[in-house]
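Text of entry.txt, listed as compact mmCIF, C-alpha atoms and all ligand atoms:
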# COMPACT_ATOMS: atom_id res chain seq x y z
CA MET A 9 168.85 136.78 160.87
CA LEU A 10 167.81 136.93 157.27
CA ILE A 11 170.12 138.02 154.47
CA VAL A 12 168.18 139.48 151.56
CA MET A 13 170.12 139.39 148.31
CA LYS A 14 169.74 142.00 145.55
CA PRO A 15 167.71 140.87 142.53
CA GLN A 16 170.89 141.04 140.41
CA ALA A 17 173.02 139.05 142.89
CA THR A 18 174.88 136.20 141.22
CA GLU A 19 174.96 132.56 142.30
CA GLY A 20 178.54 133.18 143.34
CA ASP A 21 177.41 136.02 145.65
CA VAL A 22 174.86 133.68 147.25
CA ARG A 23 177.48 130.95 147.67
CA ALA A 24 179.91 133.41 149.28
CA VAL A 25 177.32 134.50 151.84
CA CYS A 26 176.45 130.86 152.63
CA ALA A 27 180.14 130.03 153.02
CA LYS A 28 180.61 132.91 155.43
CA ILE A 29 177.64 131.77 157.52
CA GLU A 30 178.95 128.19 157.63
CA SER A 31 182.45 129.43 158.53
CA MET A 32 180.93 131.11 161.58
CA GLY A 33 179.61 127.70 162.65
CA PHE A 34 175.96 128.39 161.71
CA ARG A 35 173.68 126.93 159.08
CA ALA A 36 172.71 128.76 155.88
CA HIS A 37 169.31 128.17 154.26
CA PRO A 38 169.16 129.78 150.81
CA MET A 39 165.56 130.30 149.71
CA PRO A 40 165.23 131.35 146.08
CA GLY A 41 162.19 133.54 145.41
CA ALA A 42 160.62 134.94 142.24
CA GLN A 43 162.49 138.28 142.56
CA ARG A 44 165.46 137.53 144.78
CA THR A 45 167.08 134.96 147.05
CA ALA A 46 166.89 135.22 150.81
CA ILE A 47 169.25 133.30 153.07
CA GLY A 48 168.06 132.30 156.51
CA ILE A 49 170.57 131.69 159.27
CA THR A 50 169.97 129.16 162.04
CA GLY A 51 172.12 127.85 164.87
CA ASN A 52 173.31 131.29 166.03
CA PRO A 53 172.94 131.57 169.79
CA GLY A 54 172.36 135.35 169.74
CA PRO A 55 171.87 138.30 167.41
CA LEU A 56 174.40 138.78 164.62
CA GLU A 57 175.95 142.00 163.40
CA PRO A 58 174.16 143.07 160.15
CA ALA A 59 177.25 144.95 158.92
CA GLU A 60 179.16 141.65 158.70
CA PHE A 61 176.96 140.74 155.74
CA GLU A 62 175.77 144.06 154.37
CA THR A 63 179.25 144.84 153.07
CA MET A 64 179.33 141.66 150.97
CA ALA A 65 178.71 141.65 147.21
CA GLY A 66 175.09 141.16 146.18
CA VAL A 67 173.62 141.68 149.66
CA ALA A 68 170.67 144.11 149.85
CA GLU A 69 170.12 143.96 153.62
CA ALA A 70 170.52 141.84 156.72
CA ILE A 71 167.44 141.89 158.91
CA PRO A 72 166.75 140.30 162.28
CA VAL A 73 163.79 137.85 162.30
CA SER A 74 161.43 138.80 165.08
CA LYS A 75 159.52 135.49 165.38
CA PRO A 76 160.81 132.46 167.33
CA TYR A 77 160.27 130.36 164.21
CA LYS A 78 162.31 131.52 161.29
CA LEU A 79 162.41 129.33 158.20
CA VAL A 80 158.65 128.70 158.22
CA SER A 81 157.97 132.40 158.58
CA ARG A 82 156.77 134.82 155.91
CA GLU A 83 159.44 137.19 157.14
CA VAL A 84 161.96 134.83 155.56
CA LYS A 85 159.91 133.92 152.48
CA SER A 86 157.00 136.07 151.47
CA GLU A 87 155.69 133.95 148.60
CA ASP A 88 153.56 130.85 149.20
CA SER A 89 155.51 127.61 149.02
CA ILE A 90 154.30 125.15 146.42
CA ILE A 91 155.45 121.62 147.06
CA ALA A 92 155.88 119.58 143.91
CA LEU A 93 155.84 115.82 144.35
CA LYS A 94 158.17 113.82 142.23
CA THR A 95 156.11 110.71 141.72
CA GLY A 96 158.41 109.23 139.10
CA PRO A 97 158.90 109.34 135.36
CA GLY A 98 155.72 109.27 133.33
CA LYS A 99 153.55 110.01 136.40
CA ALA A 100 151.16 112.94 136.64
CA ASP A 101 152.68 115.89 138.47
CA VAL A 102 151.04 116.66 141.77
CA SER A 103 151.73 119.79 143.74
CA ILE A 104 150.45 121.09 147.03
CA GLY A 105 149.91 124.77 147.71
CA GLY A 106 149.18 125.88 144.16
CA ARG A 107 145.87 126.80 142.54
CA GLU A 108 144.66 123.22 142.43
CA LEU A 109 143.56 121.91 145.82
CA ALA A 110 145.45 118.83 146.98
CA ILE A 111 142.87 116.18 147.69
CA ILE A 112 144.17 113.21 149.66
CA ALA A 113 141.72 110.39 150.31
CA GLY A 114 141.68 106.77 151.34
CA PRO A 115 141.21 104.49 154.32
CA CYS A 116 142.57 105.17 157.78
CA ALA A 117 144.67 101.99 157.61
CA ILE A 118 145.63 99.47 155.00
CA GLU A 119 143.89 96.20 155.79
CA SER A 120 144.37 94.18 152.62
CA ARG A 121 145.27 94.54 148.95
CA GLU A 122 141.58 94.23 147.98
CA GLN A 123 140.53 96.95 150.41
CA ALA A 124 143.28 99.33 149.28
CA PHE A 125 142.60 98.74 145.58
CA ALA A 126 138.85 99.17 145.99
CA ALA A 127 139.34 102.45 147.86
CA ALA A 128 141.97 103.72 145.43
CA ALA A 129 139.81 103.07 142.38
CA ARG A 130 136.91 105.04 143.86
CA VAL A 131 138.82 108.00 145.23
CA ARG A 132 140.76 108.39 142.00
CA GLN A 133 137.60 108.30 139.97
CA ALA A 134 136.12 111.01 142.20
CA GLY A 135 139.12 113.30 141.64
CA ALA A 136 141.66 112.62 144.41
CA ARG A 137 145.26 112.73 143.25
CA LEU A 138 146.80 111.44 146.46
CA PHE A 139 146.01 108.29 148.40
CA ARG A 140 146.14 108.21 152.20
CA CYS A 141 146.51 104.90 154.02
CA GLY A 142 148.39 104.01 157.20
CA ALA A 143 150.62 100.95 157.34
CA PHE A 144 151.95 101.87 160.79
CA LYS A 145 149.15 103.09 163.02
CA PRO A 146 149.60 105.06 166.25
CA ARG A 147 146.63 103.74 168.25
CA THR A 148 145.36 104.91 171.61
CA SER A 149 145.06 101.29 172.73
CA PRO A 150 147.90 98.77 172.38
CA TYR A 151 145.21 96.14 171.70
CA SER A 152 143.81 97.92 168.63
CA PHE A 153 144.92 97.06 165.08
CA GLN A 154 148.44 98.45 164.66
CA GLY A 155 148.68 98.23 160.86
CA LEU A 156 150.24 95.82 158.39
CA GLY A 157 153.70 97.37 158.54
CA GLU A 158 156.02 96.78 155.59
CA GLU A 159 153.58 94.37 153.95
CA GLY A 160 151.14 97.30 153.83
CA LEU A 161 153.78 99.61 152.35
CA LYS A 162 154.40 97.13 149.55
CA ILE A 163 150.71 97.13 148.69
CA LEU A 164 150.77 100.93 148.67
CA ALA A 165 153.59 100.83 146.13
CA GLU A 166 151.31 98.69 143.96
CA VAL A 167 148.50 101.22 144.40
CA ARG A 168 150.81 103.96 143.14
CA ARG A 169 151.77 101.91 140.10
CA GLU A 170 148.25 100.76 139.32
CA PHE A 171 146.31 103.99 139.89
CA GLY A 172 148.94 106.73 139.50
CA LEU A 173 148.04 108.13 142.92
CA ALA A 174 150.75 109.69 145.09
CA ILE A 175 151.05 107.89 148.43
CA VAL A 176 150.68 109.61 151.80
CA THR A 177 151.47 107.30 154.70
CA GLU A 178 152.49 107.69 158.31
CA THR A 179 155.81 107.22 160.03
CA VAL A 180 155.48 106.72 163.77
CA ASP A 181 159.08 106.71 164.98
CA PRO A 182 162.61 107.46 163.80
CA GLU A 183 163.27 103.72 163.49
CA ASN A 184 160.68 103.15 160.75
CA CYS A 185 161.06 106.56 159.12
CA ASP A 186 163.60 105.47 156.47
CA LEU A 187 161.56 102.41 155.58
CA VAL A 188 158.34 104.42 155.19
CA ALA A 189 160.20 107.05 153.16
CA GLU A 190 161.25 104.38 150.66
CA TYR A 191 157.60 103.81 149.77
CA ALA A 192 155.87 107.12 150.48
CA ASP A 193 155.58 110.18 148.27
CA VAL A 194 154.62 112.16 151.38
CA LEU A 195 155.57 111.16 154.91
CA GLN A 196 152.78 111.78 157.39
CA ILE A 197 153.67 112.73 160.96
CA GLY A 198 150.58 112.38 163.11
CA ALA A 199 149.08 114.55 165.81
CA ARG A 200 150.48 112.37 168.59
CA ASN A 201 153.98 112.81 167.19
CA MET A 202 153.92 116.54 166.48
CA GLN A 203 156.41 117.09 169.26
CA ASN A 204 158.42 113.91 168.76
CA PHE A 205 161.52 115.97 168.14
CA SER A 206 163.78 113.11 167.16
CA LEU A 207 161.23 112.04 164.54
CA LEU A 208 160.91 115.62 163.26
CA LYS A 209 164.68 115.97 162.95
CA HIS A 210 164.96 112.61 161.25
CA ALA A 211 162.28 113.55 158.71
CA GLY A 212 164.09 116.86 158.23
CA ARG A 213 167.14 115.02 157.00
CA LEU A 214 165.21 113.04 154.39
CA LYS A 215 164.37 114.30 150.93
CA LYS A 216 160.64 113.55 151.16
CA PRO A 217 157.82 116.03 151.67
CA VAL A 218 156.30 115.82 155.14
CA LEU A 219 152.64 116.22 156.08
CA LEU A 220 152.77 117.49 159.66
CA LYS A 221 149.55 117.25 161.63
CA ARG A 222 148.79 119.66 164.43
CA GLY A 223 148.97 118.13 167.90
CA MET A 224 145.63 117.93 169.62
CA SER A 225 146.60 120.52 172.22
CA ALA A 226 149.14 122.50 170.23
CA THR A 227 149.03 126.25 169.97
CA LEU A 228 149.74 127.86 166.62
CA GLU A 229 153.24 128.75 167.75
CA GLU A 230 153.99 125.20 168.89
CA PHE A 231 152.68 123.91 165.56
CA LEU A 232 154.94 126.23 163.58
CA MET A 233 157.91 125.45 165.82
CA ALA A 234 157.40 121.74 165.14
CA ALA A 235 157.53 122.49 161.40
CA GLU A 236 160.63 124.59 162.02
CA TYR A 237 162.41 121.47 163.34
CA ILE A 238 161.96 119.84 159.94
CA LEU A 239 163.02 122.87 157.90
CA SER A 240 165.99 123.55 160.16
CA GLU A 241 167.43 120.18 159.12
CA GLY A 242 167.25 121.16 155.44
CA ASN A 243 163.88 119.74 154.35
CA TYR A 244 161.72 122.68 153.25
CA ASP A 245 158.88 120.58 151.85
CA VAL A 246 156.45 120.65 154.75
CA ILE A 247 152.67 120.66 154.47
CA LEU A 248 150.77 121.60 157.61
CA CYS A 249 147.50 119.92 158.52
CA GLU A 250 144.77 121.07 160.89
CA ARG A 251 143.01 117.97 162.28
CA GLY A 252 141.09 119.29 165.26
CA VAL A 253 142.04 120.02 168.84
CA ARG A 254 140.67 118.83 172.19
CA THR A 255 138.05 121.05 173.72
CA PHE A 256 135.11 120.58 176.11
CA ALA A 257 132.80 120.07 173.13
CA ASP A 258 131.59 116.48 173.08
CA HIS A 259 129.38 116.45 170.01
CA THR A 260 132.47 115.77 167.90
CA ARG A 261 135.67 113.79 168.49
CA ASN A 262 137.75 116.97 168.20
CA THR A 263 137.01 120.61 167.47
CA LEU A 264 138.19 121.49 164.00
CA ASP A 265 139.91 124.84 164.31
CA LEU A 266 139.33 126.37 160.91
CA SER A 267 140.37 129.80 162.14
CA VAL A 268 143.94 128.51 162.19
CA ILE A 269 143.98 128.48 158.37
CA PRO A 270 144.00 132.26 157.82
CA ALA A 271 146.23 132.61 160.90
CA VAL A 272 148.83 130.26 159.41
CA LYS A 273 148.53 131.92 156.00
CA ARG A 274 149.44 135.25 157.58
CA LEU A 275 152.47 133.97 159.44
CA SER A 276 153.85 131.23 157.22
CA HIS A 277 154.51 130.48 153.57
CA LEU A 278 153.86 126.76 154.06
CA PRO A 279 150.72 125.18 152.58
CA ILE A 280 148.09 124.03 155.05
CA ILE A 281 145.39 121.42 154.47
CA VAL A 282 142.48 120.24 156.62
CA ASP A 283 141.49 116.80 157.91
CA PRO A 284 137.72 116.93 158.49
CA SER A 285 137.65 113.19 159.31
CA HIS A 286 139.72 113.24 162.50
CA GLY A 287 138.61 116.84 163.00
CA THR A 288 135.03 115.75 163.61
CA GLY A 289 135.17 111.97 164.10
CA LYS A 290 131.67 111.67 162.67
CA ARG A 291 130.85 110.74 159.13
CA ASP A 292 127.89 113.10 158.78
CA LYS A 293 130.04 116.11 159.69
CA VAL A 294 132.92 115.44 157.32
CA THR A 295 131.47 116.92 154.14
CA PRO A 296 130.09 120.13 155.72
CA LEU A 297 133.46 120.81 157.35
CA ALA A 298 135.32 119.96 154.15
CA ARG A 299 133.26 122.60 152.35
CA ALA A 300 134.04 125.14 155.07
CA ALA A 301 137.76 124.28 155.00
CA VAL A 302 137.98 125.02 151.29
CA ALA A 303 135.98 128.23 151.70
CA VAL A 304 138.32 129.44 154.44
CA GLY A 305 141.38 129.00 152.23
CA ALA A 306 142.82 125.56 152.96
CA ASP A 307 145.20 124.27 150.28
CA GLY A 308 143.63 120.84 150.31
CA LEU A 309 141.89 118.12 152.27
CA ILE A 310 142.78 114.73 153.69
CA VAL A 311 139.68 112.58 153.99
CA GLU A 312 139.10 109.03 155.20
CA VAL A 313 137.18 106.93 152.69
CA HIS A 314 136.60 103.20 153.06
CA PRO A 315 134.92 100.82 150.60
CA ASN A 316 133.10 99.23 153.52
CA PRO A 317 133.24 101.48 156.62
CA GLU A 318 131.27 99.08 158.90
CA ARG A 319 134.01 96.52 158.47
CA ALA A 320 136.92 98.97 158.87
CA LEU A 321 139.61 98.01 161.38
CA SER A 322 140.08 101.65 162.39
CA ASP A 323 138.07 104.88 162.22
CA GLY A 324 135.13 103.34 160.36
CA TYR A 325 132.57 105.69 161.97
CA GLN A 326 134.29 108.72 160.46
CA SER A 327 135.10 107.15 157.08
CA LEU A 328 133.00 108.20 154.12
CA TYR A 329 131.37 105.72 151.78
CA PRO A 330 132.87 106.13 148.31
CA GLU A 331 129.65 107.68 146.98
CA GLN A 332 129.70 110.24 149.82
CA PHE A 333 133.24 111.14 148.85
CA GLU A 334 132.11 111.64 145.29
CA GLU A 335 129.49 114.08 146.53
CA LEU A 336 132.07 115.83 148.72
CA MET A 337 134.31 116.28 145.68
CA GLU A 338 131.50 117.71 143.64
CA GLN A 339 130.65 120.22 146.35
CA VAL A 340 134.19 121.31 147.18
CA THR A 341 134.93 121.66 143.47
CA ALA A 342 132.01 124.08 143.20
CA ILE A 343 133.29 126.09 146.18
CA ALA A 344 136.85 126.03 144.85
CA GLY A 345 135.60 127.64 141.64
CA VAL A 346 134.09 130.54 143.58
CA ILE A 347 137.41 131.39 145.23
CA GLY A 348 139.55 130.99 142.13
CA ARG A 349 140.82 127.49 142.82
CA THR A 350 140.32 124.14 141.19
CA THR A 351 140.35 120.44 141.92
CA ALA A 352 141.31 117.61 139.59
CA ARG A 353 137.56 117.22 139.20
CA SER A 354 137.09 120.74 137.83
CA ALA A 355 138.03 119.73 134.30
CA LEU A 356 135.58 116.84 134.47
CA ALA A 357 132.89 119.12 135.90
CA THR A 358 133.37 121.66 133.10
CA ALA A 359 133.05 118.97 130.49
CA GLY A 360 130.04 117.54 132.35
CA SER A 361 128.20 120.85 132.73
CA GLN A 362 128.64 121.60 129.04
CA LEU A 363 126.98 118.29 128.34
CA GLN A 364 124.24 118.99 130.88
CA GLU A 365 123.55 122.46 129.52
CA SER A 366 122.90 120.95 126.17
CA GLY A 367 120.77 118.18 127.71
CA PRO A 368 117.22 118.30 129.15
CA HIS A 369 118.15 118.13 132.88
CA CYS A 370 120.45 120.20 135.03
CA LYS A 371 122.03 118.41 138.00
CA ASP A 372 120.87 119.71 141.37
CA ARG A 373 123.94 121.12 143.13
CA ARG A 374 122.36 122.19 146.41
CA PHE A 375 124.37 121.18 149.45
CA SER A 376 122.19 118.68 151.28
CA SER A 377 124.34 117.40 154.14
C1 LIG B 401 145.33 109.34 160.71
O1 LIG B 401 145.49 110.18 159.81
O2 LIG B 401 144.84 108.22 160.52
C2 LIG B 401 145.68 109.74 162.10
C3 LIG B 401 146.04 108.84 163.00
O3 LIG B 401 145.56 111.06 162.28
P1 LIG B 401 145.93 111.98 163.54
O4 LIG B 401 147.41 111.86 163.74
O5 LIG B 401 145.49 113.34 163.11
O6 LIG B 401 145.15 111.47 164.73
MN MN B 402 142.34 107.52 161.14

Just dump the structure as structure tokens.
Amino acid sequence: MLIVMKPQATEGDVRAVCAKIESMGFRAHPMPGAQRTAIGITGNPGPLEPAEFETMAGVAEAIPVSKPYKLVSREVKSEDSIIALKTGPGKADVSIGGRELAIIAGPCAIESREQAFAAAARVRQAGARLFRCGAFKPRTSPYSFQGLGEEGLKILAEVRREFGLAIVTETVDPENCDLVAEYADVLQIGARNMQNFSLLKHAGRLKKPVLLKRGMSATLEEFLMAAEYILSEGNYDVILCERGVRTFADHTRNTLDLSVIPAVKRLSHLPIIVDPSHGTGKRDKVTPLARAAVAVGADGLIVEVHPNPERALSDGYQSLYPEQFEELMEQVTAIAGVIGRTTARSALATAGSQLQESGPHCKDRRFSS
């Protein structure tokens, strides 16, 4: 059930409704909106009586939620959620889900300080505001590189300090979740863990935004239910990520399901970004799919970029060279402009095009890949 408060309801009215919900043994989730606050109720085994709430001060209506997922649903919150990262005093504000696309880029895994610094310098210069890099890697083979662990996290903290990039890094189990959360600005939960319910609940109890990747065989409903686990524990800062699903197609590693973007947008207020690297598994397909993802309405991208992909310890064949990432940024910035969005590169591009217009040559912006 969802309790919709009147626009003029006071904070005291909201508190009283929450207290009543808690006294019934359920959980109250107040969600302030631009016009009014809505309060979601979870933990109730069956339907509740609307009249119990509708007679309370400040309550406009009590409406049953028809979907199996509740807190992630637009029924509960109609406005888009914008997730603001608190990257520390004096750091640039980064938010996900607003007009500016969230561009997350970096290597699949952290291999060394030199590798991370080289990647960070290039992706930042190209216009990424967030740095991706795994210190704990969920690998298909137990013999593959598993990541540098805490040593890697410490290097990522240096990357944040040195380059002002927000850090997105993966937690693979509830045991390392707290440790990763100490270093990360955004906790990544990977495709293989989308239904690791104890990990989802654990992340739900932390105060860190979570990037939740879609499982490789997950339906849209399963995806949203996985997000619901996190919100139901009190963490509303969830960013969804489409990263491709398994199909019979064998020309790519996965099939990137871009149609899920408008489908999610219809059902949920949560931001959703796209991972064209794992979504295709092939370097030459990353930029075309990144362009399409932005065109279809994704709130951002997460892209693997390595300073030396041939030497990468994981996912080298799908990692972009830094100069390819630069080109990707230029192209997605152009597309973002067409649909009323921006990237951190837009300001640079505007300044650059003014210079070019006054100069003898105009840069060729045709999409070649
Ligand atoms: C990754 O981002 O490096 C990763 C392992 O992704 P996924 O969980 O989507 O496979
Ligand atoms: Mn990877």

With the cut-off set at 6 Å and counting all atoms listed in the file, tabulate each residue of chain A with an atom at most that distance from an atom of ligand LIG 401 (chain B), showing the nearest atom pair and its distance in Å to one decimal, ordered by chain and increasing number, as a tab-separated table.
residue	atom	partner	partner_atom	distance
A:Cys116	CA	B:LIG401	O2	4.7
A:Gly198	CA	B:LIG401	O4	3.3
A:Ala199	CA	B:LIG401	O4	3.8
A:Arg200	CA	B:LIG401	O4	5.8
A:Lys221	CA	B:LIG401	O5	5.8
A:Arg251	CA	B:LIG401	O5	5.3
A:His286	CA	B:LIG401	O5	5.8

Inset, instruction - Can you work out the spacing between CA of Leu195 (chain A) and CA of Lys145 (chain A) in Å, to one decimal? - result: 13.1 Å

Please produce, as a tab-separated table, a per-residue contact table for chain A versus ligand MN 402 (chain B) (criterion: any atom at most 12 Å away, all atoms listed in the file considered), showing the nearest atom pair and its distance in Å to one decimal, sorted by chain then residue number.
residue	atom	partner	partner_atom	distance
A:Ala113	CA	B:MN402	MN	11.2
A:Gly114	CA	B:MN402	MN	9.9
A:Pro115	CA	B:MN402	MN	7.5
A:Cys116	CA	B:MN402	MN	4.1
A:Ala117	CA	B:MN402	MN	7.0
A:Ile118	CA	B:MN402	MN	10.6
A:Arg140	CA	B:MN402	MN	9.7
A:Cys141	CA	B:MN402	MN	8.7
A:Gly142	CA	B:MN402	MN	8.0
A:Ala143	CA	B:MN402	MN	11.2
A:Phe144	CA	B:MN402	MN	11.2
A:Lys145	CA	B:MN402	MN	8.3
A:Pro146	CA	B:MN402	MN	9.2
A:Arg147	CA	B:MN402	MN	9.1
A:Thr148	CA	B:MN402	MN	11.2
A:Phe153	CA	B:MN402	MN	11.5
A:Gln154	CA	B:MN402	MN	11.5
A:Gly155	CA	B:MN402	MN	11.3
A:Thr177	CA	B:MN402	MN	11.2
A:Glu178	CA	B:MN402	MN	10.5
A:Gln196	CA	B:MN402	MN	11.9
A:Gly198	CA	B:MN402	MN	9.8
A:Ala199	CA	B:MN402	MN	10.8
A:Arg251	CA	B:MN402	MN	10.5
A:Arg261	CA	B:MN402	MN	11.7
A:Asp283	CA	B:MN402	MN	9.9
A:Pro284	CA	B:MN402	MN	10.8
A:Ser285	CA	B:MN402	MN	7.6
A:His286	CA	B:MN402	MN	6.4
A:Gly287	CA	B:MN402	MN	10.2
A:Thr288	CA	B:MN402	MN	11.3
A:Gly289	CA	B:MN402	MN	8.9
A:Lys290	CA	B:MN402	MN	11.6
A:Ile310	CA	B:MN402	MN	10.4
A:Val311	CA	B:MN402	MN	9.2
A:Glu312	CA	B:MN402	MN	6.9
A:Val313	CA	B:MN402	MN	9.9
A:His314	CA	B:MN402	MN	10.8
A:Pro317	CA	B:MN402	MN	11.8
A:Ala320	CA	B:MN402	MN	10.4
A:Leu321	CA	B:MN402	MN	9.9
A:Ser322	CA	B:MN402	MN	6.4
A:Asp323	CA	B:MN402	MN	5.1
A:Gly324	CA	B:MN402	MN	8.4
A:Tyr325	CA	B:MN402	MN	10.0
A:Gln326	CA	B:MN402	MN	8.2
A:Ser327	CA	B:MN402	MN	8.3
A:Leu328	CA	B:MN402	MN	11.7

Save the residues we just selected, C-alpha atoms, as a short mmCIF file (atom, residue, chain, number, x, y, z; two decimals), keeping the file's coordinate frame?
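New file again.cif:
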data_model
loop_
_atom_site.label_atom_id
_atom_site.label_comp_id
_atom_site.auth_asym_id
_atom_site.auth_seq_id
_atom_site.Cartn_x
_atom_site.Cartn_y
_atom_site.Cartn_z
CA ALA A 113 141.72 110.39 150.31
CA GLY A 114 141.68 106.77 151.34
CA PRO A 115 141.21 104.49 154.32
CA CYS A 116 142.57 105.17 157.78
CA ALA A 117 144.67 101.99 157.61
CA ILE A 118 145.63 99.47 155.00
CA ARG A 140 146.14 108.21 152.20
CA CYS A 141 146.51 104.90 154.02
CA GLY A 142 148.39 104.01 157.20
CA ALA A 143 150.62 100.95 157.34
CA PHE A 144 151.95 101.87 160.79
CA LYS A 145 149.15 103.09 163.02
CA PRO A 146 149.60 105.06 166.25
CA ARG A 147 146.63 103.74 168.25
CA THR A 148 145.36 104.91 171.61
CA PHE A 153 144.92 97.06 165.08
CA GLN A 154 148.44 98.45 164.66
CA GLY A 155 148.68 98.23 160.86
CA THR A 177 151.47 107.30 154.70
CA GLU A 178 152.49 107.69 158.31
CA GLN A 196 152.78 111.78 157.39
CA GLY A 198 150.58 112.38 163.11
CA ALA A 199 149.08 114.55 165.81
CA ARG A 251 143.01 117.97 162.28
CA ARG A 261 135.67 113.79 168.49
CA ASP A 283 141.49 116.80 157.91
CA PRO A 284 137.72 116.93 158.49
CA SER A 285 137.65 113.19 159.31
CA HIS A 286 139.72 113.24 162.50
CA GLY A 287 138.61 116.84 163.00
CA THR A 288 135.03 115.75 163.61
CA GLY A 289 135.17 111.97 164.10
CA LYS A 290 131.67 111.67 162.67
CA ILE A 310 142.78 114.73 153.69
CA VAL A 311 139.68 112.58 153.99
CA GLU A 312 139.10 109.03 155.20
CA VAL A 313 137.18 106.93 152.69
CA HIS A 314 136.60 103.20 153.06
CA PRO A 317 133.24 101.48 156.62
CA ALA A 320 136.92 98.97 158.87
CA LEU A 321 139.61 98.01 161.38
CA SER A 322 140.08 101.65 162.39
CA ASP A 323 138.07 104.88 162.22
CA GLY A 324 135.13 103.34 160.36
CA TYR A 325 132.57 105.69 161.97
CA GLN A 326 134.29 108.72 160.46
CA SER A 327 135.10 107.15 157.08
CA LEU A 328 133.00 108.20 154.12
#

Legend entry - Residue contacts of Glu30 (chain A) (12 Å, all atoms listed in the file) excluding same-chain residues fewer than 4 positions away, as a list in words: Arg23, Ala24, Val25, Cys26, Phe34, Arg35, Ala36, His37, Ile47, Gly48, Ile49, Thr50, Gly51 and Asn52 of chain A

Inset, instruction - Go through A:Leu336, A:Leu214, A:Ala306, A:Val80 one by one, measure the shortest atom-to-atom distance of each to Asp193 (chain A) using only C-alpha atoms, and give the residue with the smallest value. - result: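 Looking only at the distances to Asp193 (chain A), the closest residue turns out to be A:Leu214.
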
Inset, instruction - Find the distance between CA of Gln133 (chain A) and CA of Ala344 (chain A) and write it in Å to one decimal. - result: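 If I compute the distance from CA of Gln133 (chain A) to CA of Ala344 (chain A), I get 18.4 Å.
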
Inset, instruction - For Leu232 (chain A), list every protein, DNA or RNA residue within 12 Å, evaluated using only C-alpha atoms, and leave out those in the same chain fewer than 3 positions away; present the list as a count of residues only. - result: 39

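Minimum distance to Leu93 (chain A) across A:Met39, A:Leu10, A:Ala300, A:Ile175 (counting all atoms listed in the file) occurs at A:Ile175.
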
Inset, instruction - List every protein, DNA or RNA residue that has an atom no more than 12 Å from (172.9, 132.3, 145.2) in the file's coordinate frame, counting all atoms listed in the file, and report them as a VMD selection string. - result: chain A and resid 11 to 27 36 to 41 44 to 47 65 to 67
